[in-house]
file coords-v2.cif (mmCIF, C-alpha atoms)
data_protein
#
loop_
_atom_site.label_atom_id
_atom_site.label_comp_id
_atom_site.auth_asym_id
_atom_site.auth_seq_id
_atom_site.Cartn_x
_atom_site.Cartn_y
_atom_site.Cartn_z
CA MET S 1 -59.14 97.58 -62.16
CA ASP S 2 -60.77 95.92 -59.15
CA GLN S 3 -60.41 92.23 -58.28
CA CYS S 4 -63.87 91.37 -59.64
CA GLN S 5 -63.13 92.92 -63.02
CA ARG S 6 -59.70 91.26 -63.15
CA SER S 7 -61.19 87.82 -62.42
CA GLN S 8 -63.60 88.18 -65.34
CA VAL S 9 -60.82 88.73 -67.87
CA GLU S 10 -57.98 86.76 -66.24
CA GLY S 11 -56.14 84.63 -68.72
CA LEU S 12 -57.97 85.71 -71.89
CA GLY S 13 -55.92 87.12 -74.73
CA THR S 14 -59.17 88.61 -76.00
CA VAL S 15 -62.75 88.87 -75.30
CA ALA S 16 -47.72 68.27 -110.00
CA ASP S 17 -49.51 65.33 -111.53
CA ALA S 18 -53.06 64.16 -110.91
CA SER S 19 -52.03 62.47 -107.68
CA ASP S 20 -50.29 65.64 -106.51
CA PHE S 21 -53.46 67.60 -107.17
CA GLU S 22 -55.55 65.13 -105.22
CA MET S 23 -53.30 65.47 -102.19
CA ASN S 24 -53.23 69.26 -102.40
CA SER S 25 -57.00 69.46 -102.74
CA LYS S 26 -57.34 67.80 -99.36
CA SER S 27 -55.61 70.84 -97.92
CA ALA S 28 -55.19 69.88 -94.27
CA GLY S 29 -56.21 66.25 -94.38
CA ALA S 30 -54.22 63.07 -93.94
CA GLY S 31 -51.65 64.02 -96.60
CA ASP S 32 -50.94 67.44 -95.09
CA PRO S 33 -47.36 67.60 -93.76
CA ARG S 34 -48.04 70.45 -91.34
CA PRO S 35 -47.85 69.51 -87.66
CA ILE S 36 -51.04 69.13 -85.63
CA LYS S 37 -51.56 72.15 -83.41
CA LEU S 38 -54.77 71.16 -81.64
CA SER S 39 -56.57 67.85 -81.42
CA CYS S 40 -59.25 66.09 -79.44
CA ARG S 41 -60.42 62.51 -79.18
CA ASN S 42 -63.65 61.14 -77.72
CA LEU S 43 -64.44 64.61 -76.39
CA TRP S 44 -67.74 64.98 -74.56
CA LYS S 45 -69.58 67.82 -72.90
CA VAL S 46 -72.69 66.59 -71.14
CA PHE S 47 -74.79 68.93 -69.06
CA GLY S 48 -76.68 67.64 -66.05
CA PRO S 49 -76.06 66.11 -62.62
CA GLY S 50 -73.78 63.08 -62.53
CA ALA S 51 -72.81 63.44 -66.21
CA ALA S 52 -69.21 62.26 -65.78
CA GLU S 53 -70.24 59.25 -63.72
CA PHE S 54 -72.95 58.39 -66.25
CA LEU S 55 -70.44 58.36 -69.13
CA GLN S 56 -67.94 56.39 -67.09
CA SER S 57 -70.54 53.73 -66.30
CA ARG S 58 -71.08 53.27 -70.05
CA GLY S 59 -67.45 53.04 -71.02
CA GLY S 60 -67.22 56.64 -72.23
CA THR S 61 -70.06 56.50 -74.74
CA ALA S 62 -73.81 57.02 -74.78
CA SER S 63 -76.57 57.39 -77.37
CA VAL S 64 -78.92 60.35 -77.60
CA GLY S 65 -81.62 58.08 -76.19
CA ASP S 66 -79.46 57.08 -73.23
CA LEU S 67 -78.74 60.70 -72.43
CA SER S 68 -82.38 61.69 -72.76
CA LYS S 69 -83.53 58.92 -70.39
CA ALA S 70 -80.98 60.10 -67.84
CA GLN S 71 -82.21 63.70 -68.29
CA LEU S 72 -78.81 64.78 -69.56
CA ILE S 73 -77.94 67.01 -72.53
CA GLY S 74 -75.11 65.93 -74.83
CA ALA S 75 -73.90 69.29 -76.14
CA VAL S 76 -70.73 67.71 -77.60
CA ARG S 77 -70.67 63.97 -78.25
CA ASN S 78 -67.57 61.94 -79.04
CA ALA S 79 -65.84 64.73 -81.00
CA ALA S 80 -62.55 63.98 -82.75
CA ILE S 81 -60.62 66.57 -84.77
CA ASP S 82 -57.06 67.47 -85.76
CA VAL S 83 -56.34 71.12 -86.53
CA ARG S 84 -53.05 71.67 -88.33
CA GLU S 85 -50.69 74.59 -88.02
CA GLY S 86 -51.70 77.49 -90.27
CA GLU S 87 -55.08 75.95 -91.14
CA ILE S 88 -58.47 77.65 -91.14
CA PHE S 89 -60.64 74.92 -89.65
CA ILE S 90 -64.33 75.79 -89.66
CA VAL S 91 -66.93 74.18 -87.42
CA MET S 92 -70.47 74.70 -88.61
CA GLY S 93 -73.98 73.58 -87.93
CA LEU S 94 -77.43 74.87 -87.17
CA SER S 95 -78.30 76.64 -83.94
CA GLY S 96 -78.02 74.19 -81.05
CA SER S 97 -75.72 71.81 -82.91
CA GLY S 98 -72.97 72.22 -80.30
CA LYS S 99 -70.42 74.18 -82.32
CA SER S 100 -69.95 77.01 -79.82
CA THR S 101 -69.75 74.58 -76.91
CA LEU S 102 -67.10 72.64 -78.80
CA VAL S 103 -64.89 75.69 -79.35
CA ARG S 104 -65.19 76.59 -75.67
CA CYS S 105 -64.21 73.04 -74.72
CA LEU S 106 -61.17 73.29 -77.02
CA SER S 107 -59.91 76.25 -74.97
CA ARG S 108 -61.27 74.85 -71.69
CA LEU S 109 -63.42 77.90 -71.16
CA VAL S 110 -65.99 75.13 -70.72
CA GLU S 111 -64.72 72.05 -68.94
CA PRO S 112 -65.18 68.89 -71.04
CA THR S 113 -66.95 66.02 -69.33
CA ALA S 114 -64.65 63.39 -70.84
CA GLY S 115 -62.07 62.83 -73.55
CA GLU S 116 -58.59 63.87 -74.61
CA LEU S 117 -57.63 67.43 -75.55
CA LEU S 118 -54.12 68.18 -76.82
CA PHE S 119 -52.50 71.53 -77.64
CA ASP S 120 -48.95 71.27 -79.03
CA GLY S 121 -48.98 67.72 -77.69
CA LYS S 122 -49.80 68.88 -74.13
CA ASP S 123 -52.90 67.47 -72.45
CA LEU S 124 -54.94 70.57 -71.66
CA ARG S 125 -57.28 68.58 -69.42
CA LYS S 126 -54.36 67.94 -67.10
CA ALA S 127 -53.14 71.54 -67.11
CA SER S 128 -53.46 73.46 -63.86
CA GLU S 129 -55.45 76.67 -63.62
CA ALA S 130 -52.21 78.67 -63.61
CA GLU S 131 -50.95 76.83 -66.71
CA LEU S 132 -54.26 77.46 -68.47
CA ILE S 133 -54.14 81.15 -67.67
CA ASP S 134 -50.61 81.36 -69.08
CA ILE S 135 -51.62 79.48 -72.27
CA ARG S 136 -54.67 81.71 -72.81
CA ARG S 137 -52.69 84.86 -72.12
CA HIS S 138 -49.82 84.08 -74.46
CA LYS S 139 -50.91 81.45 -76.99
CA MET S 140 -54.67 81.81 -77.57
CA GLY S 141 -56.67 84.63 -79.11
CA MET S 142 -60.46 84.75 -79.00
CA VAL S 143 -63.07 86.77 -80.88
CA PHE S 144 -66.77 86.34 -80.25
CA GLN S 145 -69.98 87.45 -81.94
CA HIS S 146 -70.43 90.26 -79.43
CA PHE S 147 -67.44 92.55 -79.61
CA ALA S 148 -67.18 93.03 -75.80
CA LEU S 149 -65.19 96.24 -76.14
CA LEU S 150 -64.72 98.27 -72.98
CA PRO S 151 -66.83 101.40 -73.61
CA HIS S 152 -64.74 103.71 -71.41
CA LEU S 153 -61.51 102.88 -73.28
CA ASN S 154 -60.59 104.23 -76.70
CA VAL S 155 -59.39 102.07 -79.61
CA VAL S 156 -55.71 101.95 -78.69
CA GLU S 157 -56.54 101.30 -75.03
CA ASN S 158 -58.94 98.48 -75.92
CA VAL S 159 -56.35 96.85 -78.18
CA ALA S 160 -53.65 97.20 -75.53
CA PHE S 161 -55.86 95.91 -72.71
CA PRO S 162 -54.83 92.21 -72.82
CA LEU S 163 -51.19 93.34 -72.82
CA PHE S 164 -51.91 95.30 -69.64
CA ILE S 165 -53.30 92.10 -68.12
CA GLN S 166 -50.05 90.36 -69.10
CA GLY S 167 -48.08 93.03 -67.24
CA ILE S 168 -46.33 94.37 -70.33
CA GLY S 169 -44.87 97.85 -69.96
CA SER S 170 -46.66 100.93 -71.28
CA LYS S 171 -44.29 101.74 -74.14
CA GLN S 172 -44.31 98.17 -75.51
CA ARG S 173 -48.11 97.99 -75.11
CA GLN S 174 -48.58 101.14 -77.13
CA GLU S 175 -46.19 100.05 -79.88
CA ARG S 176 -47.79 96.63 -80.31
CA ALA S 177 -51.33 98.03 -80.11
CA GLN S 178 -50.47 100.60 -82.78
CA ALA S 179 -49.04 97.90 -85.03
CA MET S 180 -52.25 95.85 -84.71
CA ILE S 181 -54.41 98.91 -85.39
CA GLU S 182 -52.46 99.54 -88.59
CA LEU S 183 -52.73 95.85 -89.52
CA VAL S 184 -56.56 95.91 -89.38
CA GLY S 185 -56.86 99.23 -91.17
CA LEU S 186 -57.93 101.53 -88.31
CA THR S 187 -55.10 104.06 -88.46
CA GLY S 188 -56.47 107.49 -87.54
CA ARG S 189 -59.12 106.15 -85.17
CA GLU S 190 -56.83 105.36 -82.25
CA ARG S 191 -58.55 107.90 -79.95
CA HIS S 192 -62.12 107.03 -80.91
CA PHE S 193 -64.36 105.30 -78.40
CA PRO S 194 -66.46 102.23 -79.31
CA SER S 195 -69.67 104.29 -79.49
CA GLU S 196 -68.06 106.39 -82.22
CA LEU S 197 -67.32 103.39 -84.46
CA SER S 198 -69.42 101.39 -86.92
CA GLY S 199 -70.11 97.71 -86.32
CA GLY S 200 -67.41 96.67 -88.74
CA GLN S 201 -64.91 99.02 -87.13
CA GLN S 202 -65.76 97.69 -83.68
CA GLN S 203 -65.15 94.15 -84.89
CA ARG S 204 -61.79 95.22 -86.30
CA VAL S 205 -60.90 96.52 -82.85
CA GLY S 206 -61.88 93.13 -81.40
CA ILE S 207 -59.69 91.38 -83.97
CA ALA S 208 -56.77 93.73 -83.30
CA ARG S 209 -57.13 93.16 -79.56
CA SER S 210 -57.07 89.38 -79.95
CA LEU S 211 -54.00 89.60 -82.21
CA ALA S 212 -52.12 91.88 -79.81
CA VAL S 213 -51.11 88.90 -77.68
CA GLU S 214 -49.60 87.27 -80.80
CA PRO S 215 -51.59 84.06 -80.35
CA GLU S 216 -50.51 80.73 -81.79
CA ILE S 217 -54.14 79.67 -82.22
CA TRP S 218 -57.11 81.92 -82.88
CA PHE S 219 -60.67 80.99 -81.87
CA LEU S 220 -63.37 82.94 -83.77
CA ASP S 221 -66.95 82.20 -82.68
CA GLU S 222 -69.36 83.62 -85.31
CA PRO S 223 -67.41 86.89 -85.30
CA PHE S 224 -69.25 88.42 -88.27
CA SER S 225 -72.83 87.18 -87.74
CA ALA S 226 -74.00 90.45 -86.15
CA LEU S 227 -72.85 92.50 -89.14
CA ASP S 228 -74.92 93.43 -92.18
CA PRO S 229 -74.11 91.44 -95.37
CA LEU S 230 -71.91 94.06 -97.04
CA ILE S 231 -69.74 94.65 -93.96
CA ARG S 232 -69.70 90.91 -93.28
CA ARG S 233 -68.20 90.21 -96.68
CA GLU S 234 -65.71 93.03 -96.16
CA MET S 235 -64.65 91.44 -92.87
CA GLN S 236 -64.27 88.03 -94.51
CA THR S 237 -61.97 89.63 -97.07
CA GLU S 238 -60.07 91.29 -94.25
CA LEU S 239 -59.67 87.97 -92.45
CA MET S 240 -58.28 86.34 -95.59
CA ARG S 241 -55.85 89.24 -96.01
CA LEU S 242 -54.71 88.93 -92.40
CA GLN S 243 -54.29 85.17 -92.75
CA SER S 244 -52.16 85.60 -95.87
CA VAL S 245 -49.81 87.72 -93.75
CA LEU S 246 -49.98 86.03 -90.33
CA LYS S 247 -50.55 82.32 -91.18
CA LYS S 248 -52.43 81.71 -87.92
CA THR S 249 -54.01 78.46 -86.87
CA ILE S 250 -57.72 79.34 -86.81
CA VAL S 251 -60.78 77.56 -85.47
CA PHE S 252 -63.77 79.47 -86.87
CA ILE S 253 -67.40 78.87 -85.92
CA THR S 254 -70.24 79.74 -88.31
CA HIS S 255 -73.68 78.58 -89.42
CA ASP S 256 -73.27 80.17 -92.87
CA PHE S 257 -72.06 77.69 -95.52
CA ASP S 258 -71.24 80.47 -98.00
CA GLU S 259 -68.96 82.01 -95.40
CA ALA S 260 -67.43 78.61 -94.66
CA ILE S 261 -66.61 77.77 -98.27
CA ARG S 262 -65.04 81.18 -98.78
CA LEU S 263 -62.74 80.90 -95.78
CA ALA S 264 -62.14 77.26 -94.93
CA ASP S 265 -59.33 74.86 -95.58
CA ARG S 266 -61.55 72.19 -94.04
CA ILE S 267 -65.02 72.11 -92.51
CA ALA S 268 -66.52 70.00 -89.74
CA ILE S 269 -70.32 69.75 -89.84
CA MET S 270 -72.08 69.18 -86.52
CA LYS S 271 -75.56 67.93 -85.68
CA ASP S 272 -76.97 67.28 -82.21
CA GLY S 273 -73.52 67.61 -80.64
CA GLU S 274 -71.89 65.14 -83.02
CA ILE S 275 -69.40 65.80 -85.83
CA ILE S 276 -71.05 64.24 -88.90
CA GLN S 277 -68.31 64.82 -91.47
CA ILE S 278 -64.98 66.61 -91.87
CA GLY S 279 -63.59 67.56 -95.28
CA THR S 280 -62.69 70.33 -97.68
CA PRO S 281 -65.65 72.30 -99.03
CA GLU S 282 -65.25 70.42 -102.30
CA GLU S 283 -65.27 67.03 -100.57
CA LEU S 284 -68.42 67.86 -98.60
CA VAL S 285 -70.26 69.01 -101.72
CA ASN S 286 -69.08 66.16 -103.94
CA HIS S 287 -69.12 63.34 -101.40
CA PRO S 288 -71.57 64.02 -98.55
CA ALA S 289 -71.35 61.26 -95.96
CA THR S 290 -75.03 61.45 -94.96
CA ASP S 291 -78.34 62.78 -96.21
CA TYR S 292 -78.02 65.55 -93.61
CA VAL S 293 -74.73 66.78 -95.11
CA ALA S 294 -76.21 66.53 -98.61
CA GLU S 295 -79.18 68.65 -97.51
CA PHE S 296 -76.91 71.07 -95.66
CA THR S 297 -74.88 71.70 -98.82
CA SER S 298 -77.76 71.46 -101.33
CA ASP S 299 -78.16 75.20 -101.93
CA VAL S 300 -74.48 76.03 -102.25
CA ASN S 301 -73.23 77.66 -105.45
CA ARG S 302 -71.24 74.69 -106.74
CA ALA S 303 -69.27 76.85 -109.16
CA LYS S 304 -67.70 78.56 -106.13
CA VAL S 305 -66.75 75.22 -104.57
CA LEU S 306 -65.79 72.84 -107.36
CA SER S 307 -62.31 73.15 -108.84
CA ALA S 308 -61.01 72.58 -112.35
CA GLY S 309 -59.29 69.45 -111.10
CA SER S 310 -62.56 67.89 -109.98
CA LEU S 311 -64.08 68.21 -113.47
CA MET S 312 -61.05 67.49 -115.62
CA VAL S 313 -60.76 64.52 -117.96
CA ALA S 314 -57.67 62.99 -119.56
CA ALA S 315 -55.67 65.48 -121.60
CA SER S 316 -55.83 65.16 -125.37
CA ALA S 317 -52.82 65.47 -127.67
CA ALA S 318 -53.81 69.07 -128.36
CA ALA S 319 -54.13 70.04 -124.68
CA LYS S 320 -50.74 71.73 -124.51
CA SER S 321 -51.95 74.34 -127.01
CA TYR S 322 -55.05 75.18 -124.96
CA ARG S 323 -55.37 78.01 -122.50
CA LYS S 324 -54.10 76.81 -119.12
CA ILE S 325 -55.94 76.87 -115.82
CA ASP S 326 -54.66 75.76 -112.42
CA ALA S 327 -56.23 72.57 -111.09
CA LYS S 328 -57.22 74.32 -107.86
CA ALA S 329 -58.98 77.23 -109.60
CA LYS S 330 -62.68 77.38 -108.78
CA ILE S 331 -65.13 77.02 -111.67
CA ALA S 332 -66.63 80.45 -110.98
CA SER S 333 -63.27 82.13 -111.54
CA PHE S 334 -63.00 81.07 -115.20
CA ALA S 335 -66.57 80.06 -116.15
CA ALA S 336 -67.29 83.09 -118.35
CA ALA S 337 -64.01 82.70 -120.24
CA ILE S 338 -64.39 78.99 -121.00
CA VAL S 339 -68.07 79.26 -121.95
CA ASP S 340 -67.12 81.93 -124.49
CA SER S 341 -64.37 79.67 -125.80
CA SER S 342 -64.81 77.01 -128.45
CA LYS S 343 -62.02 74.90 -126.96
CA PRO S 344 -61.34 73.11 -123.68
CA PHE S 345 -58.88 74.53 -121.17
CA ALA S 346 -55.77 72.61 -120.14
CA VAL S 347 -55.62 71.86 -116.41
CA THR S 348 -52.20 72.20 -114.80
CA ASP S 349 -50.64 71.19 -111.50
CA ALA S 350 -48.69 73.47 -109.16
CA LYS S 351 -45.59 73.14 -111.34
CA GLY S 352 -47.44 74.13 -114.52
CA ALA S 353 -47.50 70.63 -116.02
CA VAL S 354 -50.67 69.69 -117.94
CA ILE S 355 -52.54 66.95 -116.04
CA GLY S 356 -55.92 67.04 -117.80
CA GLN S 357 -58.43 69.22 -119.58
CA ILE S 358 -61.85 70.66 -118.89
CA THR S 359 -64.56 71.35 -121.47
CA PRO S 360 -67.01 74.24 -121.79
CA ARG S 361 -69.86 71.71 -121.63
CA ALA S 362 -68.70 70.41 -118.23
CA VAL S 363 -68.66 73.94 -116.85
CA MET S 364 -72.07 74.76 -118.32
CA ASP S 365 -73.46 71.62 -116.68
CA VAL S 366 -72.27 72.90 -113.31
CA LEU S 367 -73.73 76.35 -113.90
CA SER S 368 -77.10 74.92 -114.99
CA GLY S 369 -77.30 72.31 -112.23
CA LYS S 370 -77.26 69.44 -114.71
CA GLU S 371 -73.99 68.11 -113.30
CA ARG S 372 -75.57 67.81 -109.84
CA SER S 373 -78.70 66.12 -111.23
CA SER S 374 -76.56 63.58 -113.07
CA ALA S 375 -74.56 62.87 -109.94
CA VAL S 376 -77.72 62.30 -107.92
#
call {"tool": "encode", "arguments": {"input": "coords-v2.cif", "output": "structure tokens"}}
result
Amino acid sequence: MDQCQRSQVEGLGTVADASDFEMNSKSAGAGDPRPIKLSCRNLWKVFGPGAAEFLQSRGGTASVGDLSKAQLIGAVRNAAIDVREGEIFIVMGLSGSGKSTLVRCLSRLVEPTAGELLFDGKDLRKASEAELIDIRRHKMGMVFQHFALLPHLNVVENVAFPLFIQGIGSKQRQERAQAMIELVGLTGRERHFPSELSGGQQQRVGIARSLAVEPEIWFLDEPFSALDPLIRREMQTELMRLQSVLKKTIVFITHDFDEAIRLADRIAIMKDGEIIQIGTPEELVNHPATDYVAEFTSDVNRAKVLSAGSLMVAASAAAKSYRKIDAKAKIASFAAAIVDSSKPFAVTDAKGAVIGQITPRAVMDVLSGKERSSAV
């Protein structure tokens, strides 16, 4: 590899009761005991000459109008997030909302204009170039929309490539690459070249390559958006399977709300560079903070988002004799069974204790849209 090629890839690991239920439903929110892996406060990325000085002169804040008058573009404006260990944190918004710029700022692939950025409590904005390279090589994995596989390398060589950059010996590279290939279900294709693989298989290679460095945090920027719907859903299933095994901290970028609600612990919705609301899928659908969020979530299949716990009422004396359903179970998973039933279902907490009940009528109202109309 020549010096030019090396500089392009340097440092990248890869191109119980009701109250218990309420806490659990907030997944990675304020009640989550897991440590914070990545956080930012007052994070800005403003494009244009004199951007840093402009923000400084205004005390680290500026409106869209202020930026426009100064002929500056606020790609990320005053962002604040906490991503907890083992969480799938999804950032979503329409094209141009700033989500991809945000994820690049979080890894300092793009230099933030202002703000605080902490990884394991370390201020990444104060890290030297050498420290950043080491963090990216050993602690961060990245997968982008375009697979960026090296066409002249076969599958095992592509997966092992970041380990070569790390200076890991050949035998260890091969062993770890093979383990990742098996993990993503590509056993038997080790000697295939990218041109001989389908889109979904190529993306699996990209995922295996990013996992080869055993990252502590995984950045996924619209990794499935170039795939057709069937393969995309297959890859979402694969990601959930991998997460059940690996328990990675994941920051995932998408513009697809259906994809977000299937994968996310929590979602941050962005608009014009600003984070409008952060919450679980259920919180965003049930309690949108703005008209924009309400519109953004208006077409979602609520039966896939709402849980039994969100629709339950106080348990009757007979509830213990009813069929039981976990409070976190989504309506869609038991809708057919309860609609066919003439009785409510008992809603239970994580320990199996009955904390409420849900009626067939309540579920039918969700399926018909009547529940949403009543709420509005």
call {"tool": "atom_distance", "arguments": {"input": "coords-v2.cif", "atom1": "atom CA of S:Ser195", "atom2": "atom CA of S:Ser225"}}
result
19.3 Å
call {"tool": "closest_residue", "arguments": {"input": "coords-v2.cif", "among": "S:Ile36, S:Val83, S:Leu211, S:Ala70", "to": "S:Asp265", "atoms": "only C-alpha atoms"}}
result
S:Val83
call {"tool": "residues_near_point", "arguments": {"input": "coords-v2.cif", "point": "(-58.8, 105.0, -90.0)", "cutoff": "12 Å", "atoms": "all atoms listed in the file", "output": "JSON, numbers by chain"}}
result
{"S": [155, 178, 181, 182, 183, 184, 185, 186, 187, 188, 189, 190, 191, 192, 197, 198, 201, 202, 204, 205]}
call {"tool": "resolve_selection", "arguments": {"input": "coords-v2.cif", "expression": "the PyMOL selection byres ((chain S and resi 219) around 10)", "output": "list of chain:residue names"}}
result
S:Thr14, S:Phe89, S:Val103, S:Arg104, S:Leu106, S:Ser107, S:Met140, S:Gly141, S:Met142, S:Val143, S:Phe144, S:Ser210, S:Pro215, S:Ile217, S:Trp218, S:Leu220, S:Asp221, S:Glu222, S:Pro223, S:Thr249, S:Ile250, S:Val251, S:Phe252, S:Ile253
call {"tool": "closest_residue", "arguments": {"input": "coords-v2.cif", "among": "S:Ile261, S:Thr348, S:Lys271, S:Phe47", "to": "S:Leu306", "atoms": "all atoms listed in the file"}}
result
S:Ile261
call {"tool": "closest_residue", "arguments": {"input": "coords-v2.cif", "among": "S:Leu67, S:Ile168, S:Met235, S:Ala318", "to": "S:Asp272", "atoms": "all atoms listed in the file"}}
result
S:Leu67
